[in-house]
file coords00.cif (mmCIF, C-alpha atoms and all ligand atoms)
data_protein
#
loop_
_atom_site.label_atom_id
_atom_site.label_comp_id
_atom_site.auth_asym_id
_atom_site.auth_seq_id
_atom_site.Cartn_x
_atom_site.Cartn_y
_atom_site.Cartn_z
CA MET A 27 -15.34 13.10 27.07
CA LYS A 28 -15.48 9.62 25.54
CA LEU A 29 -12.26 8.10 24.29
CA ARG A 30 -12.21 8.64 20.55
CA SER A 31 -11.37 5.93 18.03
CA GLY A 32 -8.55 6.78 15.68
CA ARG A 33 -9.05 6.59 11.92
CA LEU A 34 -7.21 3.26 11.80
CA LEU A 35 -10.25 1.64 13.41
CA THR A 36 -11.99 1.60 10.04
CA ALA A 37 -8.87 0.87 7.99
CA PRO A 38 -8.77 -2.62 6.47
CA LEU A 39 -6.41 -5.24 7.90
CA PRO A 40 -3.51 -5.84 5.47
CA PRO A 41 -5.24 -8.15 2.97
CA ILE A 42 -2.08 -9.64 1.42
CA ARG A 43 -0.67 -10.49 4.83
CA GLN A 44 -3.98 -12.15 5.70
CA ALA A 45 -3.78 -14.38 2.63
CA VAL A 46 -0.17 -15.20 3.56
CA ALA A 47 -1.20 -16.06 7.12
CA HIS A 48 -3.41 -18.86 5.78
CA VAL A 49 -0.41 -20.69 4.35
CA VAL A 50 2.41 -20.20 6.80
CA ASN A 51 1.55 -23.34 8.72
CA LEU A 52 0.62 -25.47 5.77
CA PRO A 53 3.58 -27.47 4.52
CA GLY A 54 3.13 -28.89 1.05
CA VAL A 55 1.20 -25.95 -0.37
CA SER A 56 2.81 -23.97 -3.19
CA ASN A 57 2.90 -20.51 -1.69
CA LEU A 58 2.42 -17.97 -4.48
CA THR A 59 1.02 -15.29 -2.21
CA ILE A 60 3.58 -12.75 -1.11
CA GLY A 61 5.75 -10.64 -3.41
CA ASP A 62 9.02 -11.41 -1.69
CA PRO A 63 11.40 -12.05 -4.62
CA ALA A 64 13.68 -15.02 -3.96
CA ILE A 65 16.64 -13.10 -5.37
CA SER A 66 19.92 -14.45 -4.05
CA VAL A 67 21.70 -11.61 -2.27
CA PRO A 68 25.41 -11.58 -3.20
CA GLN A 69 28.01 -12.10 -0.50
CA SER A 70 29.50 -8.67 -1.24
CA VAL A 71 26.18 -7.03 -0.33
CA ARG A 72 25.75 -9.08 2.84
CA LEU A 73 29.31 -8.27 3.86
CA ALA A 74 28.79 -4.56 3.32
CA GLY A 75 25.85 -4.67 5.74
CA ALA A 76 27.67 -6.91 8.22
CA ASP A 77 30.79 -4.75 8.15
CA ALA A 78 28.65 -1.68 8.85
CA PHE A 79 27.23 -3.42 11.90
CA LEU A 80 30.65 -4.48 13.15
CA SER A 81 32.75 -1.43 12.50
CA GLY A 82 30.57 1.30 11.05
CA PRO A 83 29.14 4.23 12.95
CA HIS A 84 26.11 3.44 15.09
CA SER A 85 24.76 6.95 15.23
CA TYR A 86 21.82 8.65 13.50
CA THR A 87 22.19 9.11 9.75
CA PRO A 88 20.99 12.23 7.86
CA ASN A 89 17.20 12.57 7.51
CA LEU A 90 17.34 12.23 3.73
CA GLY A 91 19.85 9.38 3.86
CA LEU A 92 23.61 9.01 3.43
CA ILE A 93 24.90 11.44 0.84
CA GLU A 94 27.01 8.67 -0.76
CA LEU A 95 23.91 6.56 -1.33
CA ARG A 96 21.87 9.51 -2.59
CA ARG A 97 24.62 10.26 -5.11
CA LEU A 98 24.44 6.69 -6.36
CA VAL A 99 20.66 7.00 -6.70
CA VAL A 100 21.04 10.25 -8.66
CA LYS A 101 23.45 8.51 -11.02
CA ASP A 102 21.15 5.54 -11.36
CA LEU A 103 18.15 7.73 -12.30
CA GLU A 104 20.26 9.54 -14.84
CA THR A 105 21.58 6.34 -16.39
CA ARG A 106 18.33 4.46 -16.62
CA LEU A 107 15.82 7.26 -17.25
CA GLY A 108 17.90 10.22 -18.42
CA LEU A 109 16.55 12.31 -15.51
CA THR A 110 18.56 14.95 -13.67
CA TYR A 111 18.30 15.17 -9.90
CA GLY A 112 20.37 16.84 -7.20
CA ASP A 113 21.54 14.88 -4.17
CA ASP A 114 19.04 16.80 -2.04
CA ASP A 115 16.10 15.71 -4.21
CA ILE A 116 16.47 12.12 -3.06
CA CYS A 117 15.11 10.64 0.16
CA ILE A 118 16.14 7.18 1.35
CA THR A 119 13.10 5.55 2.92
CA ASN A 120 12.13 2.65 5.10
CA GLY A 121 11.13 0.59 2.06
CA GLY A 122 8.75 1.64 -0.69
CA ASN A 123 5.91 1.55 1.81
CA GLN A 124 7.26 4.44 3.81
CA ALA A 125 7.85 6.30 0.55
CA ILE A 126 4.09 6.10 -0.08
CA THR A 127 3.19 7.67 3.29
CA LEU A 128 5.86 10.35 2.89
CA ALA A 129 4.70 11.28 -0.60
CA ILE A 130 1.10 11.51 0.62
CA ALA A 131 2.13 13.76 3.53
CA ALA A 132 4.16 15.96 1.17
CA THR A 133 1.40 16.44 -1.39
CA THR A 134 -1.98 16.40 0.35
CA GLN A 135 -3.90 18.08 3.13
CA PRO A 136 -5.96 15.86 5.45
CA ALA A 137 -9.23 14.90 3.73
CA ASP A 138 -7.89 15.66 0.24
CA GLY A 139 -8.74 13.01 -2.32
CA ILE A 140 -6.13 10.63 -3.70
CA LEU A 141 -6.67 8.94 -7.06
CA MET A 142 -5.47 5.37 -7.07
CA PRO A 143 -5.84 2.30 -9.31
CA SER A 144 -8.39 -0.46 -8.80
CA PRO A 145 -7.38 -3.21 -8.80
CA GLY A 146 -4.28 -1.85 -7.12
CA TYR A 147 -1.75 -2.38 -4.38
CA PRO A 148 -3.82 -2.39 -1.14
CA ASN A 149 -1.22 -0.38 0.76
CA PHE A 150 -2.14 2.70 -1.29
CA THR A 151 -5.57 2.49 0.32
CA MET A 152 -4.11 1.77 3.74
CA ALA A 153 -1.71 4.72 3.51
CA ALA A 154 -4.61 7.01 2.59
CA HIS A 155 -6.52 5.77 5.63
CA PHE A 156 -3.45 6.35 7.76
CA ALA A 157 -3.17 9.94 6.57
CA GLY A 158 -6.91 10.69 6.76
CA ASN A 159 -7.31 11.21 3.02
CA THR A 160 -10.28 10.19 0.92
CA ILE A 161 -9.85 7.51 -1.70
CA GLU A 162 -11.00 7.85 -5.29
CA THR A 163 -10.31 4.77 -7.36
CA TYR A 164 -9.90 4.78 -11.12
CA ASP A 165 -10.73 1.69 -13.10
CA CYS A 166 -7.81 -0.50 -14.17
CA SER A 167 -9.83 -3.62 -14.85
CA GLU A 168 -10.08 -5.87 -17.87
CA ASP A 169 -12.47 -3.29 -19.40
CA THR A 170 -9.56 -0.87 -19.79
CA GLN A 171 -6.92 -3.52 -20.54
CA TRP A 172 -5.75 -3.09 -16.92
CA LEU A 173 -4.49 0.45 -17.55
CA PRO A 174 -5.71 3.93 -16.64
CA THR A 175 -7.17 5.98 -19.47
CA LEU A 176 -7.98 9.69 -19.66
CA HIS A 177 -11.63 8.70 -19.52
CA THR A 178 -11.34 6.59 -16.33
CA LEU A 179 -9.15 9.18 -14.65
CA GLU A 180 -11.52 11.99 -15.49
CA ARG A 181 -14.48 9.92 -14.29
CA ALA A 182 -12.82 9.32 -10.91
CA TYR A 183 -11.56 12.88 -10.50
CA ARG A 184 -13.12 15.15 -7.85
CA ASP A 185 -12.31 18.78 -7.08
CA ASP A 186 -10.65 17.86 -3.78
CA VAL A 187 -8.13 15.48 -5.37
CA SER A 188 -4.52 16.61 -5.06
CA LEU A 189 -2.53 13.45 -5.76
CA LEU A 190 -2.60 10.83 -8.51
CA ILE A 191 -0.95 7.48 -7.76
CA LEU A 192 0.27 5.48 -10.74
CA ASN A 193 1.82 2.05 -10.55
CA THR A 194 3.64 0.65 -13.56
CA PRO A 195 4.35 -2.25 -13.86
CA SER A 196 1.22 -2.85 -11.85
CA ASN A 197 0.79 -4.89 -8.74
CA PRO A 198 -1.34 -7.01 -9.17
CA THR A 199 -2.05 -7.08 -12.93
CA GLY A 200 1.44 -6.69 -14.38
CA ALA A 201 0.16 -4.07 -16.86
CA VAL A 202 2.84 -1.68 -18.10
CA MET A 203 2.21 1.84 -19.41
CA ASN A 204 3.93 2.88 -22.62
CA PRO A 205 5.52 6.32 -23.21
CA HIS A 206 2.52 7.54 -25.22
CA GLN A 207 0.12 6.71 -22.35
CA LEU A 208 2.47 8.26 -19.79
CA ALA A 209 2.77 11.48 -21.81
CA GLU A 210 -1.01 11.73 -22.12
CA ILE A 211 -1.55 11.24 -18.39
CA ALA A 212 1.23 13.72 -17.60
CA ASP A 213 -0.64 16.36 -19.63
CA TRP A 214 -3.88 15.50 -17.87
CA ALA A 215 -2.26 15.76 -14.41
CA ARG A 216 -0.87 19.15 -15.43
CA PHE A 217 -4.31 20.25 -16.60
CA ARG A 218 -5.83 19.14 -13.26
CA ASN A 219 -2.84 20.46 -11.35
CA LEU A 220 -2.14 17.24 -9.49
CA TRP A 221 0.95 15.82 -7.87
CA ILE A 222 1.91 12.36 -9.08
CA LEU A 223 3.34 9.49 -7.08
CA SER A 224 4.79 7.10 -9.62
CA ASP A 225 5.33 3.74 -7.99
CA GLU A 226 7.84 2.04 -10.27
CA CYS A 227 9.08 -0.57 -7.84
CA TYR A 228 8.69 -3.42 -10.35
CA TRP A 229 10.59 -1.63 -13.13
CA PRO A 230 13.37 -4.25 -13.30
CA TYR A 231 10.80 -6.87 -14.33
CA SER A 232 9.40 -5.13 -17.38
CA ASP A 233 9.71 -6.74 -20.81
CA THR A 234 8.34 -3.76 -22.68
CA GLY A 235 10.84 -1.04 -21.91
CA ARG A 236 11.44 1.05 -18.85
CA PHE A 237 9.86 4.47 -18.70
CA SER A 238 8.70 6.93 -16.07
CA ILE A 239 6.02 9.60 -16.10
CA ALA A 240 8.72 11.82 -14.56
CA GLN A 241 10.18 11.99 -18.07
CA PHE A 242 7.04 13.91 -19.07
CA ALA A 243 6.10 15.74 -15.85
CA PRO A 244 9.27 16.10 -13.73
CA GLU A 245 7.93 19.18 -11.94
CA ARG A 246 5.13 17.21 -10.20
CA THR A 247 6.30 13.60 -10.02
CA TYR A 248 7.67 11.68 -7.07
CA ILE A 249 9.33 8.42 -8.18
CA LEU A 250 9.19 5.48 -5.78
CA ASP A 251 11.72 2.67 -5.96
CA SER A 252 11.94 -0.32 -3.61
CA PHE A 253 15.20 -2.08 -2.88
CA SER A 254 13.05 -4.99 -1.64
CA LYS A 255 11.93 -5.78 -5.16
CA ARG A 256 15.10 -4.62 -6.83
CA PHE A 257 17.73 -6.30 -4.68
CA GLY A 258 15.78 -8.95 -2.78
CA PHE A 259 16.24 -7.76 0.79
CA THR A 260 12.64 -7.08 1.73
CA GLY A 261 13.35 -7.38 5.46
CA TRP A 262 16.17 -4.82 5.51
CA ARG A 263 13.56 -2.16 4.71
CA ILE A 264 15.01 0.26 2.25
CA GLY A 265 13.68 2.19 -0.73
CA THR A 266 13.92 5.62 -2.32
CA LEU A 267 11.74 8.55 -3.21
CA ALA A 268 12.96 11.03 -5.82
CA ALA A 269 11.17 14.37 -5.43
CA PRO A 270 10.54 17.13 -7.95
CA ARG A 271 13.25 19.80 -7.76
CA GLY A 272 13.11 21.72 -4.48
CA GLU A 273 10.38 19.58 -2.87
CA ALA A 274 12.43 17.12 -0.82
CA ASN A 275 12.56 19.42 2.21
CA LYS A 276 9.03 18.25 2.97
CA LEU A 277 10.20 14.66 2.92
CA LEU A 278 13.00 15.55 5.30
CA LYS A 279 10.44 16.86 7.79
CA GLY A 280 8.29 13.76 7.35
CA GLN A 281 11.32 11.58 7.93
CA GLU A 282 12.20 13.32 11.20
CA ALA A 283 8.59 13.10 12.35
CA THR A 284 8.33 9.37 11.69
CA VAL A 285 11.48 7.23 11.62
CA ALA A 286 14.06 10.07 11.86
CA CYS A 287 16.46 8.26 9.54
CA ILE A 288 17.29 4.93 7.94
CA SER A 289 19.75 2.53 9.58
CA TYR A 290 23.35 2.75 8.50
CA PRO A 291 23.85 -1.00 7.81
CA ALA A 292 20.80 -1.11 5.50
CA GLN A 293 22.16 1.87 3.58
CA ALA A 294 25.65 0.34 3.41
CA ALA A 295 24.19 -2.85 1.93
CA ALA A 296 22.10 -0.77 -0.49
CA MET A 297 25.23 1.04 -1.69
CA ALA A 298 26.91 -2.27 -2.45
CA ALA A 299 23.81 -3.57 -4.24
CA ILE A 300 23.24 -0.52 -6.43
CA SER A 301 26.96 -0.50 -7.32
CA ASP A 302 26.96 -4.18 -8.35
CA ARG A 303 28.22 -4.50 -11.92
CA THR A 304 28.52 -8.28 -12.13
CA GLY A 305 25.22 -8.73 -13.98
CA HIS A 306 23.95 -10.86 -11.08
CA TYR A 307 20.78 -8.87 -10.53
CA GLU A 308 19.99 -8.60 -14.24
CA ARG A 309 20.12 -12.41 -14.45
CA GLU A 310 17.73 -12.63 -11.51
CA TYR A 311 15.29 -10.20 -13.19
CA GLU A 312 15.39 -12.29 -16.37
CA ARG A 313 14.82 -15.47 -14.40
CA PHE A 314 11.74 -14.16 -12.61
CA SER A 315 10.35 -12.42 -15.69
CA ALA A 316 10.69 -15.72 -17.58
CA GLN A 317 8.94 -17.57 -14.71
CA ARG A 318 6.13 -14.98 -14.77
CA ASN A 319 5.69 -15.43 -18.53
CA GLN A 320 5.69 -19.19 -18.14
CA LEU A 321 3.06 -19.01 -15.41
CA VAL A 322 0.85 -16.73 -17.52
CA GLU A 323 1.25 -19.00 -20.58
CA THR A 324 0.50 -22.12 -18.57
CA LEU A 325 -2.63 -20.61 -17.04
CA ASN A 326 -3.82 -19.49 -20.47
CA SER A 327 -3.07 -22.86 -22.03
CA LEU A 328 -5.56 -24.52 -19.66
CA GLY A 329 -8.38 -22.70 -21.47
CA LYS A 330 -10.24 -22.01 -18.22
CA THR A 331 -7.97 -19.62 -16.29
CA PRO A 332 -7.33 -16.59 -18.53
CA ALA A 333 -4.26 -14.78 -17.29
CA VAL A 334 -2.23 -11.61 -17.90
CA GLY A 335 1.04 -10.11 -16.69
CA ASN A 336 3.79 -8.69 -18.88
CA GLY A 337 5.66 -6.75 -16.21
CA GLY A 338 6.34 -7.18 -12.52
CA ILE A 339 6.55 -10.51 -10.73
CA TYR A 340 2.94 -11.64 -10.74
CA ALA A 341 0.53 -13.53 -12.94
CA TRP A 342 -3.05 -12.32 -12.64
CA ALA A 343 -5.65 -14.94 -13.46
CA ASN A 344 -9.40 -15.36 -13.54
CA PHE A 345 -10.43 -18.41 -11.51
CA SER A 346 -14.22 -18.17 -11.96
CA GLN A 347 -14.35 -21.30 -14.16
CA VAL A 348 -12.53 -23.49 -11.66
CA VAL A 349 -13.83 -22.42 -8.23
CA ASP A 350 -16.87 -20.54 -6.97
CA THR A 351 -15.38 -17.06 -6.94
CA THR A 352 -18.58 -15.53 -5.63
CA ARG A 353 -17.43 -16.84 -2.24
CA ASN A 354 -15.13 -14.50 -0.36
CA ASP A 355 -12.76 -17.27 0.63
CA TRP A 356 -12.58 -18.98 -2.76
CA HIS A 357 -8.79 -18.94 -2.58
CA LEU A 358 -9.03 -21.45 0.31
CA ASP A 359 -11.00 -23.79 -1.96
CA LEU A 360 -8.29 -23.47 -4.59
CA MET A 361 -5.72 -24.23 -1.95
CA LYS A 362 -7.57 -27.42 -0.98
CA THR A 363 -8.17 -28.65 -4.51
CA ALA A 364 -4.93 -27.60 -6.22
CA ASN A 365 -2.45 -27.08 -3.38
CA ILE A 366 -1.76 -23.56 -4.59
CA ALA A 367 -2.04 -20.47 -2.40
CA VAL A 368 -2.84 -17.21 -4.22
CA VAL A 369 -4.01 -13.78 -3.09
CA PRO A 370 -7.70 -13.32 -3.99
CA GLY A 371 -8.53 -10.34 -6.17
CA SER A 372 -10.77 -8.81 -3.52
CA ALA A 373 -7.54 -7.79 -1.74
CA PHE A 374 -6.86 -5.40 -4.62
CA GLY A 375 -10.26 -3.88 -5.29
CA GLU A 376 -13.98 -4.39 -5.55
CA ASN A 377 -13.77 -4.91 -9.30
CA ALA A 378 -11.46 -7.94 -9.05
CA GLN A 379 -13.44 -10.60 -7.17
CA GLN A 380 -12.95 -13.34 -9.77
CA TRP A 381 -9.24 -12.80 -10.14
CA GLY A 382 -6.24 -13.94 -8.16
CA ARG A 383 -2.58 -12.94 -7.94
CA LEU A 384 0.20 -15.50 -8.20
CA SER A 385 3.79 -14.55 -7.41
CA ALA A 386 6.30 -16.02 -9.86
CA ALA A 387 9.38 -14.77 -8.00
CA ILE A 388 10.00 -17.97 -6.07
CA ASN A 389 12.96 -20.31 -6.23
CA GLU A 390 13.34 -22.69 -9.18
CA ASN A 391 12.38 -25.95 -7.47
CA ASP A 392 9.31 -24.50 -5.80
CA PHE A 393 8.37 -22.93 -9.12
CA ALA A 394 8.62 -26.23 -11.02
CA LEU A 395 6.29 -27.90 -8.51
CA ALA A 396 3.88 -24.93 -8.54
CA LEU A 397 3.73 -25.07 -12.34
CA GLU A 398 2.93 -28.77 -12.25
CA ARG A 399 0.09 -28.05 -9.85
CA VAL A 400 -1.21 -25.21 -12.00
CA ARG A 401 -1.27 -27.62 -14.98
CA SER A 402 -3.56 -29.95 -13.09
CA ILE A 403 -6.06 -27.31 -11.91
C1 LIG A 501 3.33 -1.61 -5.78
C2 LIG A 501 4.17 -1.70 -4.57
N1 LIG A 501 4.69 -0.58 -4.08
C3 LIG A 501 5.47 -0.58 -2.99
C4 LIG A 501 5.75 -1.75 -2.33
C5 LIG A 501 6.59 -1.63 -1.09
O1 LIG A 501 7.59 -2.55 -0.92
P1 LIG A 501 8.69 -2.31 0.21
O2 LIG A 501 8.10 -1.49 1.27
O3 LIG A 501 9.07 -3.67 0.66
O4 LIG A 501 9.83 -1.59 -0.46
C6 LIG A 501 5.21 -2.96 -2.79
C7 LIG A 501 5.43 -4.23 -2.09
O5 LIG A 501 4.82 -5.24 -2.31
C8 LIG A 501 4.41 -2.93 -3.95
O6 LIG A 501 3.87 -4.04 -4.47
#
call {"tool": "encode", "arguments": {"input": "coords00.cif", "output": "structure tokens", "more": "lines below"}}
Ligand SMILES: Cc1ncc(COP(=O)(O)O)c(C=O)c1O
result
Amino acid sequence: MKLRSGRLLTAPLPPIRQAVAHVVNLPGVSNLTIGDPAISVPQSVRLAGADAFLSGPHSYTPNLGLIELRRLVVKDLETRLGLTYGDDDICITNGGNQAITLAIAATTQPADGILMPSPGYPNFTMAAHFAGNTIETYDCSEDTQWLPTLHTLERAYRDDVSLLILNTPSNPTGAVMNPHQLAEIADWARFRNLWILSDECYWPYSDTGRFSIAQFAPERTYILDSFSKRFGFTGWRIGTLAAPRGEANKLLKGQEATVACISYPAQAAAMAAISDRTGHYEREYERFSAQRNQLVETLNSLGKTPAVGNGGIYAWANFSQVVDTTRNDWHLDLMKTANIAVVPGSAFGENAQQWGRLSAAINENDFALALERVRSI
């Protein structure tokens, strides 16, 4: 028998990483590509991780994560969203990305459809490829003010769909769903009997309130949080998935089958970060939200690069009046003419060719220079 090709053969290469790869060796370019928030990580958090390496246990941790950390996550969800979870409803994951693959494995059969936003975070598509699911995109373009509607969801729905992925605030558009919209979609998901994966990893950077669809459909919603975006340690790989009551056993099995457990030092650092009460992180969220707003305002003030973004860490702008966006590599032209590296919209969906994503979560000096360059586009 011939050697078979696995399903990853036809999966796309990571499009954001590809855009990043173009700039790594180009000094002097303002790199607004990757969403790696330049949050300063407090010494107390670094020390908690370091201490765990030096004197903590170096054995396996529980599949769902350290109970002490899960308790802190339960408390956090209760405080910020008024939601009640048990310790065993929480799974500590290898970043938000692993939470996506676990949620898909817990809620779909191979070949089931997954509804996901377009434009949307490309890793949703990649995770569906990884799991062998089919992808059904719902429109989140300018036509729908960057948000899902009952109409676009219903249009994308097929009988084999078992999971709906929502992402608010959105990567890449920064659109944020309000409680009315969340309640409506929760009713629709109940009517269609779908699981929901609510990716809320940019919640700290929302100017318009912080809500979750789990407040309206707790029985079917998995909430994803990423400590990369929340606490700035993207490379330590830690996130969380809060499951509907009684469902986390599936995550436990998925954990054992993939990474087995999350490293103790990363969890120790996460405990210190989530327990921080100094206001440090809140100041960082305000700083990056203000930079995002400033970037959006500046782009709009040029009169030729309409931009949006009122949540998350990105500005999302239309570049069709300043470069030939019909070309697939138009972002390289922008890089040459304006010294700014962005992720082209095609990375996020077929309906976003003319748009580009700019990360505002960079350090102050780099941001000042980037803004100057944006002004002279
Ligand atoms: C929407 C969204 N979800 C999840 C993630 C996963 O982040 P991480 O795996 O670093 O926690 C990202 C990262 O960019 C993201 O943009």
call {"tool": "closest_atom_pairs", "arguments": {"input": "coords00.cif", "of": "chain A", "to": "ligand LIG 501 (chain A)", "cutoff": "7 Å", "atoms": "only C-alpha atoms and all ligand atoms", "output": "Markdown table"}}
result
| residue | atom | partner | partner_atom | distance |
| --- | --- | --- | --- | --- |
| A:Gly61 | CA | A:LIG501 | O5 | 5.6 |
| A:Asn120 | CA | A:LIG501 | O2 | 6.9 |
| A:Gly121 | CA | A:LIG501 | O4 | 3.6 |
| A:Gly122 | CA | A:LIG501 | O4 | 3.4 |
| A:Asn123 | CA | A:LIG501 | O2 | 3.8 |
| A:Gln124 | CA | A:LIG501 | O2 | 6.5 |
| A:Tyr147 | CA | A:LIG501 | C1 | 5.3 |
| A:Asn193 | CA | A:LIG501 | C1 | 6.2 |
| A:Ser196 | CA | A:LIG501 | C1 | 6.5 |
| A:Asn197 | CA | A:LIG501 | C1 | 5.1 |
| A:Asp225 | CA | A:LIG501 | N1 | 5.9 |
| A:Cys227 | CA | A:LIG501 | N1 | 5.8 |
| A:Ser252 | CA | A:LIG501 | O4 | 4.0 |
| A:Phe253 | CA | A:LIG501 | O4 | 5.9 |
| A:Ser254 | CA | A:LIG501 | O3 | 4.8 |
| A:Lys255 | CA | A:LIG501 | O4 | 6.6 |
| A:Thr260 | CA | A:LIG501 | O3 | 5.1 |
| A:Arg263 | CA | A:LIG501 | O3 | 6.2 |
| A:Ile264 | CA | A:LIG501 | O4 | 6.1 |
| A:Gly265 | CA | A:LIG501 | O4 | 5.4 |
call {"tool": "closest_residue", "arguments": {"input": "coords00.cif", "among": "A:Gly272, A:Gly200, A:Pro136, A:Pro53", "to": "Val334 (chain A)", "atoms": "all atoms listed in the file"}}
result
A:Gly200
call {"tool": "residues_around", "arguments": {"input": "coords00.cif", "residues": "region 240-250 of chain A", "least_positions_apart": "5", "cutoff": "7 Å", "atoms": "all atoms listed in the file", "output": "PyMOL selection string"}}
result
chain A and resi 109+122+125+209+212+221-227+266-271
call {"tool": "closest_residue", "arguments": {"input": "coords00.cif", "among": "A:Asp113, A:Thr151, A:Leu103, A:Ser232", "to": "Leu39 (chain A)", "atoms": "all atoms listed in the file"}}
result
A:Thr151
call {"tool": "closest_residue", "arguments": {"input": "coords00.cif", "among": "A:Arg303, A:Arg97, A:His357, A:Lys362", "to": "Gln379 (chain A)", "atoms": "all atoms listed in the file"}}
result
A:His357
call {"tool": "residues_near_point", "arguments": {"input": "coords00.cif", "point": "(-3.7, -27.8, 0.7)", "cutoff": "12 Å", "atoms": "all atoms listed in the file", "output": "NGL selection string"}}
result
:A and (48-57 or 357-368 or 399)
call {"tool": "write_last_selection", "arguments": {"input": "coords00.cif", "atoms": "C-alpha atoms", "output": "PDB file, in the coordinates of the input"}}
result
ATOM      1  CA  HIS A  48      -3.410 -18.860   5.780  1.00  0.00           C
ATOM      2  CA  VAL A  49      -0.410 -20.690   4.350  1.00  0.00           C
ATOM      3  CA  VAL A  50       2.410 -20.200   6.800  1.00  0.00           C
ATOM      4  CA  ASN A  51       1.550 -23.340   8.720  1.00  0.00           C
ATOM      5  CA  LEU A  52       0.620 -25.470   5.770  1.00  0.00           C
ATOM      6  CA  PRO A  53       3.580 -27.470   4.520  1.00  0.00           C
ATOM      7  CA  GLY A  54       3.130 -28.890   1.050  1.00  0.00           C
ATOM      8  CA  VAL A  55       1.200 -25.950  -0.370  1.00  0.00           C
ATOM      9  CA  SER A  56       2.810 -23.970  -3.190  1.00  0.00           C
ATOM     10  CA  ASN A  57       2.900 -20.510  -1.690  1.00  0.00           C
ATOM     11  CA  HIS A 357      -8.790 -18.940  -2.580  1.00  0.00           C
ATOM     12  CA  LEU A 358      -9.030 -21.450   0.310  1.00  0.00           C
ATOM     13  CA  ASP A 359     -11.000 -23.790  -1.960  1.00  0.00           C
ATOM     14  CA  LEU A 360      -8.290 -23.470  -4.590  1.00  0.00           C
ATOM     15  CA  MET A 361      -5.720 -24.230  -1.950  1.00  0.00           C
ATOM     16  CA  LYS A 362      -7.570 -27.420  -0.980  1.00  0.00           C
ATOM     17  CA  THR A 363      -8.170 -28.650  -4.510  1.00  0.00           C
ATOM     18  CA  ALA A 364      -4.930 -27.600  -6.220  1.00  0.00           C
ATOM     19  CA  ASN A 365      -2.450 -27.080  -3.380  1.00  0.00           C
ATOM     20  CA  ILE A 366      -1.760 -23.560  -4.590  1.00  0.00           C
ATOM     21  CA  ALA A 367      -2.040 -20.470  -2.400  1.00  0.00           C
ATOM     22  CA  VAL A 368      -2.840 -17.210  -4.220  1.00  0.00           C
ATOM     23  CA  ARG A 399       0.090 -28.050  -9.850  1.00  0.00           C
TER      24      ARG A 399
END
call {"tool": "closest_residue", "arguments": {"input": "coords00.cif", "among": "A:Glu398, A:Asp62, A:Asp77, A:Glu376", "to": "Cys166 (chain A)", "atoms": "all atoms listed in the file"}}
result
A:Glu376
call {"tool": "atom_distance", "arguments": {"input": "coords00.cif", "atom1": "CA of Thr351 (chain A)", "atom2": "CA of Ala373 (chain A)"}}
result
13.2 Å
call {"tool": "closest_residue", "arguments": {"input": "coords00.cif", "among": "A:Arg218, A:Lys279, A:His84, A:Arg318", "to": "Asn336 (chain A)", "atoms": "only C-alpha atoms"}}
result
A:Arg318
call {"tool": "closest_residue", "arguments": {"input": "coords00.cif", "among": "A:Tyr231, A:Thr304, A:Thr134, A:Ala215", "to": "Ala316 (chain A)", "atoms": "only C-alpha atoms"}}
result
A:Tyr231
call {"tool": "residues_around", "arguments": {"input": "coords00.cif", "residues": "Ala64 (chain A)", "least_positions_apart": "6", "cutoff": "8 Å", "atoms": "all atoms listed in the file", "output": "list in words"}}
result
Gly258, Ala387, Ile388 and Asn389 of chain A
call {"tool": "atom_distance", "arguments": {"input": "coords00.cif", "atom1": "CA of Phe345 (chain A)", "atom2": "CA of Trp381 (chain A)"}}
result
5.9 Å
call {"tool": "axis_aligned_box", "arguments": {"input": "coords00.cif", "around": "region 271-287 of chain A", "padding_each_side": "8 Å", "output": "JSON"}}
result
{"center_x": 12.4, "center_y": 14.5, "center_z": 2.3, "size_x": 24.2, "size_y": 30.5, "size_z": 36.1}
call {"tool": "residues_around", "arguments": {"input": "coords00.cif", "residues": "Glu282 (chain A)", "least_positions_apart": "6", "cutoff": "12 Å", "atoms": "all atoms listed in the file", "output": "list in words"}}
result
Tyr86, Thr87, Pro88, Asn89, Leu90, Gly91, Cys117, Thr119, Leu128, Asn275, Lys276 and Ile288 of chain A
call {"tool": "atom_distance", "arguments": {"input": "coords00.cif", "atom1": "CA of Gln320 (chain A)", "atom2": "CA of Leu192 (chain A)"}}
result
26.3 Å
